[in-house]
$ cat final.pdb   # PDB, C-alpha atoms, pLDDT in the B column
ATOM      1  CA  MET A   1     -54.044 286.923 -31.745  1.00 45.00           C
ATOM      2  CA  LYS A   2     -51.389 289.310 -30.432  1.00 44.00           C
ATOM      3  CA  HIS A   3     -53.424 289.931 -27.268  1.00 49.00           C
ATOM      4  CA  SER A   4     -53.845 286.157 -26.793  1.00 45.00           C
ATOM      5  CA  LEU A   5     -50.085 285.621 -27.085  1.00 44.00           C
ATOM      6  CA  GLY A   6     -49.439 288.481 -24.674  1.00 48.00           C
ATOM      7  CA  ALA A   7     -51.866 287.029 -22.144  1.00 46.00           C
ATOM      8  CA  ALA A   8     -50.270 283.594 -22.430  1.00 46.00           C
ATOM      9  CA  ALA A   9     -46.772 285.040 -21.933  1.00 47.00           C
ATOM     10  CA  ILE A  10     -47.731 287.014 -18.839  1.00 48.00           C
ATOM     11  CA  ALA A  11     -49.688 284.101 -17.369  1.00 47.00           C
ATOM     12  CA  THR A  12     -46.698 281.787 -17.942  1.00 49.00           C
ATOM     13  CA  ALA A  13     -44.370 284.255 -16.222  1.00 46.00           C
ATOM     14  CA  LEU A  14     -46.688 284.537 -13.224  1.00 48.00           C
ATOM     15  CA  VAL A  15     -47.026 280.767 -12.866  1.00 45.00           C
ATOM     16  CA  THR A  16     -43.260 280.290 -13.216  1.00 47.00           C
ATOM     17  CA  GLY A  17     -42.637 282.918 -10.568  1.00 47.00           C
ATOM     18  CA  ALA A  18     -45.201 281.321  -8.278  1.00 44.00           C
ATOM     19  CA  ALA A  19     -43.529 277.929  -8.609  1.00 46.00           C
ATOM     20  CA  PHE A  20     -40.122 279.460  -7.830  1.00 45.00           C
ATOM     21  CA  PHE A  21     -41.381 281.263  -4.739  1.00 42.00           C
ATOM     22  CA  SER A  22     -43.312 278.215  -3.528  1.00 44.00           C
ATOM     23  CA  ASN A  23     -40.201 276.016  -3.869  1.00 46.00           C
ATOM     24  CA  ALA A  24     -38.126 278.616  -2.040  1.00 44.00           C
ATOM     25  CA  ALA A  25     -40.652 278.758   0.774  1.00 41.00           C
ATOM     26  CA  THR A  26     -40.721 274.942   1.061  1.00 41.00           C
ATOM     27  CA  ALA A  27     -36.929 274.735   1.142  1.00 42.00           C
ATOM     28  CA  GLN A  28     -36.728 277.387   3.853  1.00 40.00           C
ATOM     29  CA  THR A  29     -39.299 275.630   6.020  1.00 39.00           C
ATOM     30  CA  THR A  30     -37.522 272.278   5.580  1.00 41.00           C
ATOM     31  CA  THR A  31     -34.189 273.832   6.622  1.00 41.00           C
ATOM     32  CA  GLN A  32     -35.736 275.311   9.724  1.00 41.00           C
ATOM     33  CA  THR A  33     -37.397 272.020  10.667  1.00 40.00           C
ATOM     34  CA  SER A  34     -34.146 270.042  10.367  1.00 43.00           C
ATOM     35  CA  GLY A  35     -32.067 272.573  12.312  1.00 45.00           C
ATOM     36  CA  ASP A  36     -31.249 272.178  16.009  1.00 42.00           C
ATOM     37  CA  ALA A  37     -32.823 275.512  16.942  1.00 41.00           C
ATOM     38  CA  ALA A  38     -35.613 275.809  14.379  1.00 40.00           C
ATOM     39  CA  PRO A  39     -38.365 278.177  15.501  1.00 41.00           C
ATOM     40  CA  GLU A  40     -41.795 276.768  16.168  1.00 39.00           C
ATOM     41  CA  THR A  41     -43.409 279.195  13.701  1.00 42.00           C
ATOM     42  CA  GLY A  42     -42.609 278.654   9.999  1.00 42.00           C
ATOM     43  CA  LYS A  43     -41.737 281.395   7.553  1.00 41.00           C
ATOM     44  CA  THR A  44     -42.623 282.166   3.972  1.00 41.00           C
ATOM     45  CA  PHE A  45     -40.544 284.667   1.948  1.00 43.00           C
ATOM     46  CA  GLY A  46     -38.899 285.654   5.251  1.00 38.00           C
ATOM     47  CA  PHE A  47     -42.209 286.657   6.827  1.00 42.00           C
ATOM     48  CA  ILE A  48     -43.708 284.995   9.898  1.00 41.00           C
ATOM     49  CA  LYS A  49     -46.817 282.924   9.197  1.00 46.00           C
ATOM     50  CA  ASP A  50     -49.606 283.944  11.533  1.00 53.00           C
ATOM     51  CA  SER A  51     -53.314 284.620  11.523  1.00 55.00           C
ATOM     52  CA  SER A  52     -52.784 288.187  10.296  1.00 70.00           C
ATOM     53  CA  GLN A  53     -51.002 287.068   7.124  1.00 85.00           C
ATOM     54  CA  GLY A  54     -52.136 285.096   4.106  1.00 92.00           C
ATOM     55  CA  ILE A  55     -55.539 283.762   3.109  1.00 94.00           C
ATOM     56  CA  TYR A  56     -57.372 280.683   4.346  1.00 95.00           C
ATOM     57  CA  ALA A  57     -60.560 278.691   3.741  1.00 96.00           C
ATOM     58  CA  GLY A  58     -63.608 280.813   4.547  1.00 95.00           C
ATOM     59  CA  ASP A  59     -61.949 284.168   3.797  1.00 96.00           C
ATOM     60  CA  ILE A  60     -63.698 286.652   1.499  1.00 97.00           C
ATOM     61  CA  LEU A  61     -61.573 288.918  -0.699  1.00 97.00           C
ATOM     62  CA  ALA A  62     -63.027 292.057  -2.270  1.00 97.00           C
ATOM     63  CA  ARG A  63     -61.038 293.946  -4.908  1.00 97.00           C
ATOM     64  CA  VAL A  64     -61.525 297.220  -6.770  1.00 97.00           C
ATOM     65  CA  ARG A  65     -59.499 297.601  -9.965  1.00 96.00           C
ATOM     66  CA  ALA A  66     -58.983 300.060 -12.775  1.00 97.00           C
ATOM     67  CA  ILE A  67     -58.967 297.920 -15.905  1.00 97.00           C
ATOM     68  CA  GLY A  68     -57.903 298.467 -19.481  1.00 96.00           C
ATOM     69  CA  ILE A  69     -60.053 296.541 -21.963  1.00 96.00           C
ATOM     70  CA  LEU A  70     -58.171 295.757 -25.171  1.00 96.00           C
ATOM     71  CA  PRO A  71     -60.439 294.035 -27.723  1.00 95.00           C
ATOM     72  CA  ASP A  72     -58.865 291.608 -30.183  1.00 93.00           C
ATOM     73  CA  SER A  73     -61.720 292.174 -32.618  1.00 90.00           C
ATOM     74  CA  HIS A  74     -62.178 290.155 -35.796  1.00 90.00           C
ATOM     75  CA  ALA A  75     -65.125 288.975 -37.854  1.00 90.00           C
ATOM     76  CA  SER A  76     -66.394 285.801 -39.464  1.00 90.00           C
ATOM     77  CA  GLY A  77     -69.134 285.228 -42.017  1.00 86.00           C
ATOM     78  CA  SER A  78     -69.833 286.408 -45.549  1.00 80.00           C
ATOM     79  CA  VAL A  79     -70.097 290.216 -45.227  1.00 86.00           C
ATOM     80  CA  LEU A  80     -68.674 291.479 -41.915  1.00 87.00           C
ATOM     81  CA  PRO A  81     -65.021 290.486 -42.569  1.00 89.00           C
ATOM     82  CA  THR A  82     -64.951 292.748 -45.667  1.00 89.00           C
ATOM     83  CA  LEU A  83     -66.006 295.802 -43.637  1.00 87.00           C
ATOM     84  CA  GLY A  84     -62.906 295.932 -41.409  1.00 88.00           C
ATOM     85  CA  VAL A  85     -64.866 296.379 -38.193  1.00 90.00           C
ATOM     86  CA  THR A  86     -62.826 297.356 -35.120  1.00 91.00           C
ATOM     87  CA  VAL A  87     -63.824 297.855 -31.471  1.00 94.00           C
ATOM     88  CA  ASN A  88     -62.165 300.596 -29.434  1.00 94.00           C
ATOM     89  CA  ASN A  89     -60.307 300.169 -26.114  1.00 96.00           C
ATOM     90  CA  ALA A  90     -61.837 301.295 -22.823  1.00 95.00           C
ATOM     91  CA  ILE A  91     -60.704 302.044 -19.258  1.00 95.00           C
ATOM     92  CA  VAL A  92     -63.323 301.413 -16.568  1.00 96.00           C
ATOM     93  CA  PRO A  93     -63.611 300.347 -12.896  1.00 96.00           C
ATOM     94  CA  GLU A  94     -64.118 296.703 -11.980  1.00 96.00           C
ATOM     95  CA  LEU A  95     -65.312 295.020  -8.777  1.00 96.00           C
ATOM     96  CA  ASP A  96     -64.767 291.397  -7.820  1.00 96.00           C
ATOM     97  CA  PHE A  97     -65.360 289.072  -4.880  1.00 97.00           C
ATOM     98  CA  THR A  98     -63.468 285.862  -4.084  1.00 98.00           C
ATOM     99  CA  TYR A  99     -64.629 283.238  -1.608  1.00 98.00           C
ATOM    100  CA  MET A 100     -61.899 280.830  -0.490  1.00 97.00           C
ATOM    101  CA  ILE A 101     -63.308 277.284  -0.546  1.00 97.00           C
ATOM    102  CA  LEU A 102     -59.962 275.843   0.572  1.00 97.00           C
ATOM    103  CA  ASP A 103     -56.723 277.486   1.654  1.00 96.00           C
ATOM    104  CA  ASN A 104     -55.490 277.426  -1.956  1.00 96.00           C
ATOM    105  CA  VAL A 105     -58.763 277.315  -3.930  1.00 98.00           C
ATOM    106  CA  GLY A 106     -61.240 280.132  -4.391  1.00 97.00           C
ATOM    107  CA  VAL A 107     -64.222 281.111  -6.529  1.00 98.00           C
ATOM    108  CA  GLU A 108     -64.259 284.638  -7.956  1.00 98.00           C
ATOM    109  CA  LEU A 109     -67.144 286.667  -9.386  1.00 97.00           C
ATOM    110  CA  ILE A 110     -66.111 289.655 -11.511  1.00 96.00           C
ATOM    111  CA  LEU A 111     -68.453 292.575 -12.189  1.00 94.00           C
ATOM    112  CA  GLY A 112     -67.953 295.535 -14.507  1.00 93.00           C
ATOM    113  CA  MET A 113     -69.462 297.408 -17.437  1.00 94.00           C
ATOM    114  CA  SER A 114     -68.029 299.252 -20.417  1.00 94.00           C
ATOM    115  CA  ARG A 115     -69.183 301.038 -23.560  1.00 94.00           C
ATOM    116  CA  HIS A 116     -67.409 300.518 -26.861  1.00 94.00           C
ATOM    117  CA  GLN A 117     -67.489 302.358 -30.167  1.00 94.00           C
ATOM    118  CA  LEU A 118     -67.312 300.442 -33.452  1.00 94.00           C
ATOM    119  CA  THR A 119     -65.797 301.702 -36.688  1.00 92.00           C
ATOM    120  CA  SER A 120     -65.464 300.171 -40.156  1.00 90.00           C
ATOM    121  CA  ASN A 121     -64.526 300.960 -43.730  1.00 88.00           C
ATOM    122  CA  LEU A 122     -67.905 302.696 -43.928  1.00 84.00           C
ATOM    123  CA  GLY A 123     -67.063 304.979 -41.001  1.00 89.00           C
ATOM    124  CA  HIS A 124     -68.386 305.148 -37.459  1.00 91.00           C
ATOM    125  CA  LEU A 125     -71.026 302.491 -36.771  1.00 91.00           C
ATOM    126  CA  GLY A 126     -72.102 303.571 -33.274  1.00 92.00           C
ATOM    127  CA  GLY A 127     -71.682 302.232 -29.776  1.00 93.00           C
ATOM    128  CA  VAL A 128     -72.863 299.439 -27.510  1.00 94.00           C
ATOM    129  CA  ASN A 129     -72.773 298.736 -23.763  1.00 94.00           C
ATOM    130  CA  VAL A 130     -71.133 295.514 -22.613  1.00 94.00           C
ATOM    131  CA  LEU A 131     -71.919 293.842 -19.269  1.00 94.00           C
ATOM    132  CA  PRO A 132     -69.707 290.732 -18.866  1.00 93.00           C
ATOM    133  CA  PRO A 133     -70.054 289.061 -15.424  1.00 95.00           C
ATOM    134  CA  THR A 134     -67.439 286.303 -15.158  1.00 97.00           C
ATOM    135  CA  LEU A 135     -67.161 283.359 -12.749  1.00 98.00           C
ATOM    136  CA  LEU A 136     -63.711 281.832 -12.202  1.00 98.00           C
ATOM    137  CA  LEU A 137     -62.274 278.939 -10.226  1.00 98.00           C
ATOM    138  CA  GLN A 138     -58.863 280.015  -8.892  1.00 98.00           C
ATOM    139  CA  TYR A 139     -55.764 278.357  -7.482  1.00 98.00           C
ATOM    140  CA  HIS A 140     -53.704 280.565  -5.138  1.00 97.00           C
ATOM    141  CA  PHE A 141     -49.997 279.835  -4.717  1.00 97.00           C
ATOM    142  CA  ASN A 142     -48.259 280.484  -1.373  1.00 95.00           C
ATOM    143  CA  HIS A 143     -51.597 281.209   0.332  1.00 95.00           C
ATOM    144  CA  ALA A 144     -49.973 281.801   3.750  1.00 94.00           C
ATOM    145  CA  GLY A 145     -47.441 284.352   2.471  1.00 93.00           C
ATOM    146  CA  LYS A 146     -47.555 288.022   1.635  1.00 94.00           C
ATOM    147  CA  VAL A 147     -46.947 287.561  -2.108  1.00 96.00           C
ATOM    148  CA  ARG A 148     -49.667 285.306  -3.518  1.00 97.00           C
ATOM    149  CA  PRO A 149     -49.794 284.605  -7.279  1.00 98.00           C
ATOM    150  CA  TYR A 150     -52.920 282.919  -8.634  1.00 98.00           C
ATOM    151  CA  VAL A 151     -54.367 281.491 -11.832  1.00 98.00           C
ATOM    152  CA  GLY A 152     -58.000 280.991 -12.759  1.00 98.00           C
ATOM    153  CA  ALA A 153     -60.306 279.588 -15.404  1.00 98.00           C
ATOM    154  CA  GLY A 154     -64.046 279.853 -15.818  1.00 98.00           C
ATOM    155  CA  ILE A 155     -66.989 281.079 -17.839  1.00 97.00           C
ATOM    156  CA  ASN A 156     -68.149 284.473 -19.025  1.00 96.00           C
ATOM    157  CA  TYR A 157     -71.682 285.606 -19.781  1.00 96.00           C
ATOM    158  CA  THR A 158     -71.913 288.835 -21.750  1.00 95.00           C
ATOM    159  CA  ARG A 159     -74.983 291.020 -22.159  1.00 94.00           C
ATOM    160  CA  PHE A 160     -74.930 293.585 -24.983  1.00 93.00           C
ATOM    161  CA  TRP A 161     -77.382 296.451 -24.549  1.00 90.00           C
ATOM    162  CA  ASN A 162     -78.175 300.100 -25.365  1.00 88.00           C
ATOM    163  CA  SER A 163     -76.884 299.612 -28.905  1.00 88.00           C
ATOM    164  CA  ASN A 164     -77.182 302.391 -31.480  1.00 89.00           C
ATOM    165  CA  LEU A 165     -75.249 300.602 -34.209  1.00 91.00           C
ATOM    166  CA  ASN A 166     -76.188 301.533 -37.762  1.00 89.00           C
ATOM    167  CA  ALA A 167     -74.814 301.611 -41.301  1.00 86.00           C
ATOM    168  CA  GLY A 168     -75.931 304.506 -43.472  1.00 81.00           C
ATOM    169  CA  GLY A 169     -78.829 305.175 -41.117  1.00 84.00           C
ATOM    170  CA  THR A 170     -80.084 301.579 -41.192  1.00 88.00           C
ATOM    171  CA  PRO A 171     -79.955 299.918 -37.731  1.00 91.00           C
ATOM    172  CA  ILE A 172     -77.592 296.993 -37.284  1.00 89.00           C
ATOM    173  CA  SER A 173     -79.201 294.255 -35.176  1.00 90.00           C
ATOM    174  CA  ILE A 174     -77.023 292.245 -32.803  1.00 91.00           C
ATOM    175  CA  LYS A 175     -77.503 289.169 -30.656  1.00 89.00           C
ATOM    176  CA  ASN A 176     -77.769 290.378 -27.063  1.00 89.00           C
ATOM    177  CA  HIS A 177     -76.164 287.386 -25.314  1.00 92.00           C
ATOM    178  CA  SER A 178     -72.796 285.645 -25.438  1.00 94.00           C
ATOM    179  CA  VAL A 179     -71.275 282.808 -23.399  1.00 96.00           C
ATOM    180  CA  GLY A 180     -67.592 281.906 -23.585  1.00 96.00           C
ATOM    181  CA  PRO A 181     -64.516 280.792 -21.629  1.00 97.00           C
ATOM    182  CA  ALA A 182     -62.264 283.022 -19.541  1.00 98.00           C
ATOM    183  CA  LEU A 183     -58.666 282.669 -18.285  1.00 98.00           C
ATOM    184  CA  GLN A 184     -56.920 284.661 -15.567  1.00 98.00           C
ATOM    185  CA  ALA A 185     -53.555 285.173 -13.874  1.00 98.00           C
ATOM    186  CA  GLY A 186     -52.572 287.670 -11.217  1.00 97.00           C
ATOM    187  CA  VAL A 187     -50.899 288.352  -7.902  1.00 97.00           C
ATOM    188  CA  ASP A 188     -51.971 289.771  -4.523  1.00 97.00           C
ATOM    189  CA  ILE A 189     -49.331 291.527  -2.394  1.00 97.00           C
ATOM    190  CA  GLN A 190     -50.341 292.012   1.227  1.00 96.00           C
ATOM    191  CA  MET A 191     -49.637 295.490   2.627  1.00 95.00           C
ATOM    192  CA  THR A 192     -51.429 295.417   6.000  1.00 93.00           C
ATOM    193  CA  LYS A 193     -53.395 292.825   7.955  1.00 91.00           C
ATOM    194  CA  ARG A 194     -56.420 293.208   5.656  1.00 93.00           C
ATOM    195  CA  LEU A 195     -55.327 295.417   2.744  1.00 96.00           C
ATOM    196  CA  PHE A 196     -53.457 294.146  -0.312  1.00 97.00           C
ATOM    197  CA  PHE A 197     -52.333 295.361  -3.740  1.00 97.00           C
ATOM    198  CA  ASN A 198     -53.501 293.465  -6.832  1.00 98.00           C
ATOM    199  CA  PHE A 199     -52.352 293.040 -10.427  1.00 98.00           C
ATOM    200  CA  ASP A 200     -54.557 290.974 -12.710  1.00 97.00           C
ATOM    201  CA  ILE A 201     -54.803 289.947 -16.359  1.00 97.00           C
ATOM    202  CA  LYS A 202     -57.688 288.134 -18.038  1.00 97.00           C
ATOM    203  CA  LYS A 203     -58.572 286.846 -21.489  1.00 97.00           C
ATOM    204  CA  ILE A 204     -62.291 286.623 -22.257  1.00 96.00           C
ATOM    205  CA  TRP A 205     -63.918 285.232 -25.372  1.00 96.00           C
ATOM    206  CA  MET A 206     -67.156 286.971 -26.404  1.00 95.00           C
ATOM    207  CA  LYS A 207     -69.003 287.437 -29.698  1.00 94.00           C
ATOM    208  CA  THR A 208     -72.261 288.643 -31.219  1.00 93.00           C
ATOM    209  CA  ASP A 209     -74.146 287.844 -34.424  1.00 93.00           C
ATOM    210  CA  THR A 210     -75.093 290.837 -36.604  1.00 92.00           C
ATOM    211  CA  SER A 211     -77.664 291.539 -39.300  1.00 90.00           C
ATOM    212  CA  LEU A 212     -78.776 294.503 -41.399  1.00 89.00           C
ATOM    213  CA  ALA A 213     -82.402 294.813 -42.537  1.00 86.00           C
ATOM    214  CA  GLY A 214     -82.859 291.080 -42.048  1.00 86.00           C
ATOM    215  CA  THR A 215     -79.656 290.163 -43.934  1.00 88.00           C
ATOM    216  CA  ASP A 216     -77.059 288.215 -41.987  1.00 90.00           C
ATOM    217  CA  LEU A 217     -73.731 290.087 -41.846  1.00 90.00           C
ATOM    218  CA  GLY A 218     -71.728 287.576 -39.845  1.00 91.00           C
ATOM    219  CA  THR A 219     -70.303 287.274 -36.341  1.00 93.00           C
ATOM    220  CA  LEU A 220     -68.215 289.899 -34.583  1.00 93.00           C
ATOM    221  CA  HIS A 221     -65.665 288.417 -32.164  1.00 94.00           C
ATOM    222  CA  ILE A 222     -64.496 290.902 -29.524  1.00 94.00           C
ATOM    223  CA  ASP A 223     -62.289 288.612 -27.347  1.00 95.00           C
ATOM    224  CA  PRO A 224     -60.717 291.284 -25.112  1.00 96.00           C
ATOM    225  CA  LEU A 225     -57.522 291.125 -23.103  1.00 97.00           C
ATOM    226  CA  ILE A 226     -58.214 292.841 -19.755  1.00 97.00           C
ATOM    227  CA  VAL A 227     -55.368 294.240 -17.649  1.00 97.00           C
ATOM    228  CA  GLY A 228     -56.098 295.633 -14.195  1.00 97.00           C
ATOM    229  CA  VAL A 229     -54.448 297.083 -11.086  1.00 98.00           C
ATOM    230  CA  GLY A 230     -56.124 297.838  -7.798  1.00 97.00           C
ATOM    231  CA  VAL A 231     -56.472 297.165  -4.102  1.00 97.00           C
ATOM    232  CA  GLY A 232     -58.304 294.545  -2.115  1.00 97.00           C
ATOM    233  CA  VAL A 233     -59.595 293.889   1.380  1.00 97.00           C
ATOM    234  CA  LYS A 234     -59.695 290.546   3.209  1.00 95.00           C
ATOM    235  CA  PHE A 235     -62.713 289.804   5.405  1.00 93.00           C
TER     236      PHE A 235
END
$ encode --input "final.pdb" --output "structure tokens"
Amino acid sequence: MKHSLGAAAIATALVTGAAFFSNAATAQTTTQTSGDAAPETGKTFGFIKDSSQGIYAGDILARVRAIGILPDSHASGSVLPTLGVTVNNAIVPELDFTYMILDNVGVELILGMSRHQLTSNLGHLGGVNVLPPTLLLQYHFNHAGKVRPYVGAGINYTRFWNSNLNAGGTPISIKNHSVGPALQAGVDIQMTKRLFFNFDIKKIWMKTDTSLAGTDLGTLHIDPLIVGVGVGVKF
């Protein structure tokens, strides 16, 4: 819950900032248009709009991030909640690609993999690999400027594999697939014609059903908050 509230607060701040900057850019352009000696080329955030700045329909954006994965783990069911199962944090690389359908609208595919260790009141339970490709529909504010906040929403498919989970030497079986929603907020800051800096935050909902020797233990909800920083290239 605390990660969810943190994600909502940061996303709200980013959207509020985007609205402020977008309004400022609109007001500046309007002032220039109404003036007697307004330049022919508009400006956003004090920067000249030209083909070397901003993003437009047809552009492809590739980003590489270092991400911190912060699970908001909790359990449901008859047995698992009593065991106090927790999932550890992880720091891993992440790769994503965005295709701009319109000047302001893009589709992003996020790729990454992590391994997490699980502990409980019984001690260490083992580890599992998590592969969570995520597809998001994004809206980019101030697409023609150098500072471009964005928000996104979409779907996550998670594949759990290479699990060695066990309790007292007895293997814990898990469901290998999970599908859930995903939310995103972030900002791109252009540094050169093609290179930009990126800050990104996502909330992903994922879970897996567990059993021990054929006995249902319940469902483990991982639901991580993912915070990332990195660089991107525009093609």
$ residues_near_point --input "final.pdb" --point "(-58.1, 294.2, -18.9)" --cutoff "8 Å" --atoms "all atoms listed in the file" --output "PyMOL selection string"
chain A and resi 67-70+200-203+224-228
$ resolve_selection --input "final.pdb" --expression "the PyMOL selection byres ((chain A and resi 231-233) around 6)" --output "VMD selection string"
chain A and resid 61 to 64 194 to 198 230 234
$ atom_distance --input "final.pdb" --atom1 "atom CA of Gly168 of chain A" --atom2 "atom CA of Asp72 of chain A"
25.2 Å
$ closest_residue --input "final.pdb" --among "A:Val87, A:Ile222, A:Ala144, A:Val79" --to "Asp103 of chain A" --atoms "all atoms listed in the file"
A:Ala144
$ residues_around --input "final.pdb" --residues "Thr119 of chain A" --least-positions-apart "2" --cutoff "10 Å" --atoms "all atoms listed in the file" --output "list in words"
Leu83, Gly84, Val85, Thr86, Val87, Asn88, Gln117, Asn121, Leu122, Gly123, His124, Leu125, Gly126, Gly127 and Leu165 of chain A
$ resolve_selection --input "final.pdb" --expression "the PyMOL selection byres ((chain A and resi 178) around 6)" --output "mmCIF file with C-alpha atoms, keeping the file's coordinate frame"
data_model
loop_
_atom_site.group_PDB
_atom_site.id
_atom_site.type_symbol
_atom_site.label_atom_id
_atom_site.label_comp_id
_atom_site.auth_asym_id
_atom_site.auth_seq_id
_atom_site.Cartn_x
_atom_site.Cartn_y
_atom_site.Cartn_z
ATOM 1 C CA TYR A 157 -71.682 285.606 -19.781
ATOM 2 C CA THR A 158 -71.913 288.835 -21.750
ATOM 3 C CA HIS A 177 -76.164 287.386 -25.314
ATOM 4 C CA VAL A 179 -71.275 282.808 -23.399
ATOM 5 C CA MET A 206 -67.156 286.971 -26.404
ATOM 6 C CA LYS A 207 -69.003 287.437 -29.698
#
$ residues_around --input "final.pdb" --residues "Gly58 of chain A" --least-positions-apart "5" --cutoff "12 Å" --atoms "all atoms listed in the file" --output "number ranges by chain"
A: 98-107, 234-235
$ resolve_selection --input "final.pdb" --expression "the PyMOL selection byres ((chain A and resi 76) around 9)" --output "list in words"
His74, Ala75, Gly77, Ser78, Val79, Leu80, Pro81, Leu217, Gly218, Thr219, Leu220 and His221 of chain A
$ atom_distance --input "final.pdb" --atom1 "atom CA of Gln53 of chain A" --atom2 "atom CA of Glu94 of chain A"
25.1 Å
$ atom_distance --input "final.pdb" --atom1 "atom CA of His143 of chain A" --atom2 "atom CA of Ala57 of chain A"
9.9 Å
